[in-house]
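Everything below concerns the one structure shown next.
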Number of protein chains: 2
Amino acid sequence: MNAIIISIGTELTTGQCLDTNAQWLSQRLTDLGGHVQSHVTVSDDVAKIAEAFRLAMSGADVVIATGGLGPTPDDLSREALSLALKEPLETDEIALKQLKSFFISLNRPMPPANLSQATRPKGCEMIPNPRGTAPGISHSSHSKHFFLLPGVPSEMKAMYEQSIEPLIAQHSSGARTVRSRLSVLGISEARLGDTLGNLMVPGRNPSVGTTAADGIISIRIVARGSSESEAQDLLKKDVQEVRSRLGEAVFGENEDTVASVVGHMLLDRGLTIATAESCTGGLIAKRLTDVPGSSRYFKEGFILYHNSTKSSRLGIPADLIDRDGAVSESVARAMAEGCRAVSGCDFSISTTGIAGPGGGCPPDKPVGLVYVGLAREDKTVAKRLMLGEHLTRDEIRDRTCHAALNMLRLWLIESR
Amino acid sequence: MNAIIISIGTELTTGQCLDTNAQWLSQRLTDLGGHVQSHVTVSDDVAKIAEAFRLAMSGADVVIATGGLGPTPDDLSREALSLALKEPLETDEIALKQLKSFFISLNRPMPPANLSQATRPKGCEMIPNPRGTAPGISHSSHSKHFFLLPGVPSEMKAMYEQSIEPLIAQHSSGARTVRSRLSVLGISEARLGDTLGNLMVPGRNPSVGTTAADGIISIRIVARGSSESEAQDLLKKDVQEVRSRLGEAVFGENEDTVASVVGHMLLDRGLTIATAESCTGGLIAKRLTDVPGSSRYFKEGFILYHNSTKSSRLGIPADLIDRDGAVSESVARAMAEGCRAVSGCDFSISTTGIAGPGGGCPPDKPVGLVYVGLAREDKTVAKRLMLGEHLTRDEIRDRTCHAALNMLRLWLIESR
């Protein structure tokens, strides 16, 4: 089943509102085994809407359009559908009755403008709206289906679930789509493409695609099968294949975060952690404590923004900071060791760096230079990150946090 | 100027990702007086992308397409543009040089897959990408402009602002739209509606609208004028009117955050601050240090997740915690006072509460119960927040952070 989704409204084309309907409908249609080939958004212009309807109807088996069904003069979808189908608008008596009883139930008189909401092009059917005044309109011919729904997300969703999904599911071949998302750190998107190349060939089932955001690469795997179990088997096989090719670079699946994965490992093994942050300013502690139940392994955190606090809280010798500078490998190590000693935790993480935009001293200490320290009973390490001056302050802090938690994750795997 | 925006990616047509680029670009083009006639989203299918490019180029003066410029095999926008223009892909020597030096700056070898990112159809120009490896591509003919940008929002936005907006502004007519956003804390959206009612009448210029998100209400003011200065005058008048009606509830304008506003006040007056967080787990310190230059007023932070650390770091008597519980007004006060004393700062903020989802003991200490403490030389206060069990852990932590920083803001205004 090929589908096109149309969103109607000048509030969308001017950017005043964000369209979430197209995404929601795409997910639902994809889950039914459908192939959404495109989304189209048009402003409140009757000729443009009619043209979009005509084009979509000729190009797809299923078209779902949302918006433009309100009672005001800028609601033009009914008229546009009439133009596209070359059928006149007529009043649907059942819809009119429902509209009238809707207003009676609210104990309000029906404004005359709402009368238009009971009209539809000749030959079309009404789709009941359990949550508002605007019924939808459907049109079917030659096993092609067109549905027009209100733009209000709660009404649109209720109507899709009640009236459209059952109809589409009936016509869809029992085909099902299932999906998974693997999250990867510490490998570039290009190298990922090299490693997974033959899985990413267009048209392959399952489809495998990658998206990079905030330094994390997501691998989307979408499997189609003639039944749920066939689709699940295909998905499972690909998930295993990707995991075996990428090894420890895959840190989690679906909703996992690096912090939640690290948290589960610490909890499972009864270990505790403390943090000593300079440039990340509390972000690592924040991420660790985002996870419900984190008080069972996260004990405390220090944010040491002034050099004096690095000495007073963690006992770092002032002359070490004077000699090597606060942003240095030796200070990152000393922070991690000091934090572990003072807190009495099994593990500690430290960060010190230049998040910018000011404060850099190139070439030795440019913006984006960060050291991450890790300490456990038998070992301390510090890693130098060069995050690049093209990143923003937020991005530098975010990447540092990912890198630090990922180092801890790899340590926990190694010491298992 | 007529515009069409194209978004490319199977992650969009399958609903795995929400497209925010089309909205952002629509806003910016509308601000320049442009008319965005449609958005089109297509999956990673080279023929479909090429068709969308051809159709858009024939129908609009300006076309901006985003996505499909990565180095992996599912990135097909370069090829599609080559098909649409019937021009072969060739390597751009300047882009190749930039790509190579980008990897040199990261001190990493360039994977071979990235080579494709330096190609463009013959006769096209490259658009520099200051933030990533994928340059954009532009094509102009007969005063029509086509731009292809990466889908990563931060890269897309930087490139639009640097290379595309100046070019479009040059060609656009005199009509201008200008906008401002005021941010409000501590007043309900309904009360705001009552206070601003007559400014919010549909069709009024400027238009005034409100949106609530994350406990902060944004007031959007959009003014249109036949010239930039006419639009700016109208905007300025409304901004002043809204500010005078809402007083101190307005904490900032446009990109201001509560943390940045508080930061400027502290900096202006040469004051320093430290934090002692329990339930917020570092979020307040993170927000304060999001602001560049915050090291001039933020000195240090304590995250005290275990009760023992509240005593050992800030000297809070263990029997006070035993008597009143860690989540109590007295402990919030003691945390704020202890933090101020230990850090030697002018101000301190503390939080202690139950962020959930577990850990609540209704009716006395339900999830969502939080105390925020504030201390300065002559005064300590603690405020009880009941954030409601319907909020998520993230929301409870976020609202606590807003409330704490807003309390500090009002204190700083009061003591001015």
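A note on labels: chains of the structure tokens are A, B, ... as shown, every chain counts residues from 1, and ligands are counted from 1 in their shown order.
Using only C-alpha atoms, the contacts of Val42 (chain B) at a cut-off of 8 Å, with sequence neighbours closer than 5 positions omitted, comprise Gln37, Ser38 and His39 of chain A; Ile6, Ser7, Ile8, Gly9, Thr10, Leu12, Thr13, Lys48, Ile49 and Ala52 of chain B.
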Please write the residues from the selection above to a file, keeping N, CA and C atoms, as a PDB file, in the first residue's frame.
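Saved the output as result_6.pdb:
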ATOM      1  N   GLN A  37       5.097   7.458   0.733  1.00  0.00           N
ATOM      2  CA  GLN A  37       6.092   7.948  -0.216  1.00  0.00           C
ATOM      3  C   GLN A  37       6.387   9.425  -0.058  1.00  0.00           C
ATOM      4  N   SER A  38       5.406  10.188   0.414  1.00  0.00           N
ATOM      5  CA  SER A  38       5.698  11.603   0.642  1.00  0.00           C
ATOM      6  C   SER A  38       4.684  12.270   1.560  1.00  0.00           C
ATOM      7  N   HIS A  39       5.102  13.406   2.122  1.00  0.00           N
ATOM      8  CA  HIS A  39       4.216  14.340   2.826  1.00  0.00           C
ATOM      9  C   HIS A  39       4.165  15.602   1.970  1.00  0.00           C
TER      10      HIS A  39
ATOM     11  N   ILE B   6      11.680  21.494   0.785  1.00  0.00           N
ATOM     12  CA  ILE B   6      11.689  20.035   0.607  1.00  0.00           C
ATOM     13  C   ILE B   6      12.510  19.393   1.724  1.00  0.00           C
ATOM     14  N   SER B   7      11.943  18.390   2.364  1.00  0.00           N
ATOM     15  CA  SER B   7      12.669  17.645   3.398  1.00  0.00           C
ATOM     16  C   SER B   7      12.874  16.229   2.905  1.00  0.00           C
ATOM     17  N   ILE B   8      14.094  15.725   3.057  1.00  0.00           N
ATOM     18  CA  ILE B   8      14.432  14.424   2.487  1.00  0.00           C
ATOM     19  C   ILE B   8      14.829  13.437   3.570  1.00  0.00           C
ATOM     20  N   GLY B   9      14.240  12.248   3.551  1.00  0.00           N
ATOM     21  CA  GLY B   9      14.673  11.215   4.475  1.00  0.00           C
ATOM     22  C   GLY B   9      13.580  10.213   4.794  1.00  0.00           C
ATOM     23  N   THR B  10      13.940   8.935   4.708  1.00  0.00           N
ATOM     24  CA  THR B  10      12.988   7.874   5.050  1.00  0.00           C
ATOM     25  C   THR B  10      12.638   7.928   6.532  1.00  0.00           C
ATOM     26  N   LEU B  12      11.825  10.439   7.999  1.00  0.00           N
ATOM     27  CA  LEU B  12      10.676  11.358   8.090  1.00  0.00           C
ATOM     28  C   LEU B  12       9.402  10.707   7.552  1.00  0.00           C
ATOM     29  N   THR B  13       9.501  10.043   6.400  1.00  0.00           N
ATOM     30  CA  THR B  13       8.280   9.472   5.804  1.00  0.00           C
ATOM     31  C   THR B  13       7.799   8.234   6.549  1.00  0.00           C
ATOM     32  N   LYS B  48      12.418   9.739  -6.774  1.00  0.00           N
ATOM     33  CA  LYS B  48      11.393  10.587  -6.146  1.00  0.00           C
ATOM     34  C   LYS B  48      11.989  11.937  -5.724  1.00  0.00           C
ATOM     35  N   ILE B  49      13.219  11.896  -5.216  1.00  0.00           N
ATOM     36  CA  ILE B  49      13.847  13.155  -4.803  1.00  0.00           C
ATOM     37  C   ILE B  49      14.067  14.038  -6.029  1.00  0.00           C
ATOM     38  N   ALA B  52      10.861  15.573  -7.115  1.00  0.00           N
ATOM     39  CA  ALA B  52      10.458  16.674  -6.218  1.00  0.00           C
ATOM     40  C   ALA B  52      11.282  17.923  -6.523  1.00  0.00           C
TER      41      ALA B  52
END
Next on the checklist: Pairing the C-alpha atoms in order and superposing chain A on chain B, what is the resulting RMSD?
Outcome noted: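 The superposed chains show a C-alpha RMSD of 6.3 Å.
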Item to check | Atomic distance CA of Ser294 (chain A) - CA of Leu314 (chain B), expressed in Å with one decimal | outcome: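 Separating CA of Ser294 (chain A) from CA of Leu314 (chain B) is a distance of 21.7 Å.
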Item to check | Between CA of Asn129 (chain B) and CA of Lys86 (chain B) - distance in Å to one decimal | outcome: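 Between these atoms lies a distance of 25.1 Å.
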Checklist entry - Residues at most 10 Å from region 325-338 of chain A, counting only C-alpha atoms, excluding those fewer than 6 positions away in the same chain, as a ChimeraX atom specification? => result /A:274-279,302,304,306-307,310-311,313-319,344,347-354,365,369-377,379-384
Next on the checklist: According to DSSP computed on the backbone, where in region 62-154 of chain A is there strand (DSSP E or B)? Give the residues as a list in words.
Outcome noted: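 Matching residues, listed in order: Val62, Val63, Ile64, Ala65, Thr66, Leu89, Glu90, Thr91, Thr119, Arg120, Pro121, Glu125, Met126, Ile127, Gly136, Ile137, Ser138, His139, Ser140, Ser141, Lys144, His145, Phe146, Phe147, Leu148 and Leu149 of chain A.
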Next on the checklist: Would you compute the distance between CA of Gln170 (chain B) and CA of Met156 (chain B)? Give it in Å to one decimal.
Outcome noted: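 Rounded to one decimal, the two atoms are 20.1 Å apart.
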Can you list every residue of chain B that has an atom at most 6 Å from chain A, with its nearest atom pair and the distance in Å to one decimal, using only C-alpha atoms, ordered by chain then number, as a Markdown table?
| residue | atom | partner | partner_atom | distance |
| --- | --- | --- | --- | --- |
| B:Thr13 | CA | A:Val36 | CA | 5.7 |
| B:Thr14 | CA | A:Ser26 | CA | 5.2 |
| B:Gly15 | CA | A:Gln23 | CA | 4.4 |
| B:Gln23 | CA | A:Gly15 | CA | 4.4 |
| B:Ser26 | CA | A:Gly15 | CA | 4.8 |
| B:Gln27 | CA | A:Gly15 | CA | 4.6 |
| B:Thr30 | CA | A:Thr14 | CA | 5.9 |
| B:Val36 | CA | A:Thr13 | CA | 5.6 |
| B:Ser38 | CA | A:Val42 | CA | 4.6 |
| B:His39 | CA | A:Thr41 | CA | 4.7 |
| B:Val40 | CA | A:Val40 | CA | 4.5 |
| B:Thr41 | CA | A:His39 | CA | 4.8 |
| B:Val42 | CA | A:Ser38 | CA | 4.6 |
| B:Pro71 | CA | A:Ala190 | CA | 5.5 |
| B:Thr72 | CA | A:Gly193 | CA | 5.0 |
| B:Ala113 | CA | A:Ala190 | CA | 5.6 |
| B:Arg131 | CA | A:His390 | CA | 5.1 |
| B:Gly281 | CA | A:Lys286 | CA | 5.1 |
| B:Gly282 | CA | A:Gly282 | CA | 4.5 |
| B:Leu283 | CA | A:Lys286 | CA | 5.4 |
| B:Ala285 | CA | A:Gly282 | CA | 5.6 |
| B:Lys286 | CA | A:Gly282 | CA | 4.8 |
| B:Thr289 | CA | A:Gly281 | CA | 5.7 |
| B:Lys299 | CA | A:Tyr305 | CA | 5.4 |
| B:Glu300 | CA | A:Leu304 | CA | 5.0 |
| B:Gly301 | CA | A:Ile303 | CA | 4.6 |
| B:Phe302 | CA | A:Phe302 | CA | 5.1 |
| B:Ile303 | CA | A:Gly301 | CA | 4.6 |
| B:Leu304 | CA | A:Glu300 | CA | 5.0 |
| B:Tyr305 | CA | A:Lys299 | CA | 5.4 |
| B:His306 | CA | A:Lys299 | CA | 5.5 |
Next on the checklist: Please identify the alpha helix (DSSP H) residues within region 1-89 of chain A (assignment by DSSP from backbone atoms) and present them as JSON, numbers by chain.
Outcome noted: {"A": [10, 11, 12, 13, 21, 22, 23, 24, 25, 26, 27, 28, 29, 30, 31, 46, 47, 48, 49, 50, 51, 52, 53, 54, 55, 56, 57, 58, 59, 77, 78, 79, 80, 81, 82, 83, 84, 85]}
Next on the checklist: Taking 4 positions as the minimum chain separation for residues in the same chain, which residues sit within 9 Å of Pro121 (chain A) when counting only C-alpha atoms? Answer as a list in words.
Outcome noted: Arg78, Glu79, Leu81, Ser82, Leu83, Leu85, Lys86, Glu87, Pro88, Leu89, Glu90, Thr91, Glu125 and Ile137 of chain A
Checklist entry - Which is closest to Leu55 (chain A) among A:Leu69, A:Ala84, A:Ile217, A:Cys361, if we use only C-alpha atoms? => result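 Ranking A:Leu69, A:Ala84, A:Ile217, A:Cys361 by distance to Leu55 (chain A), first place goes to A:Ala84.
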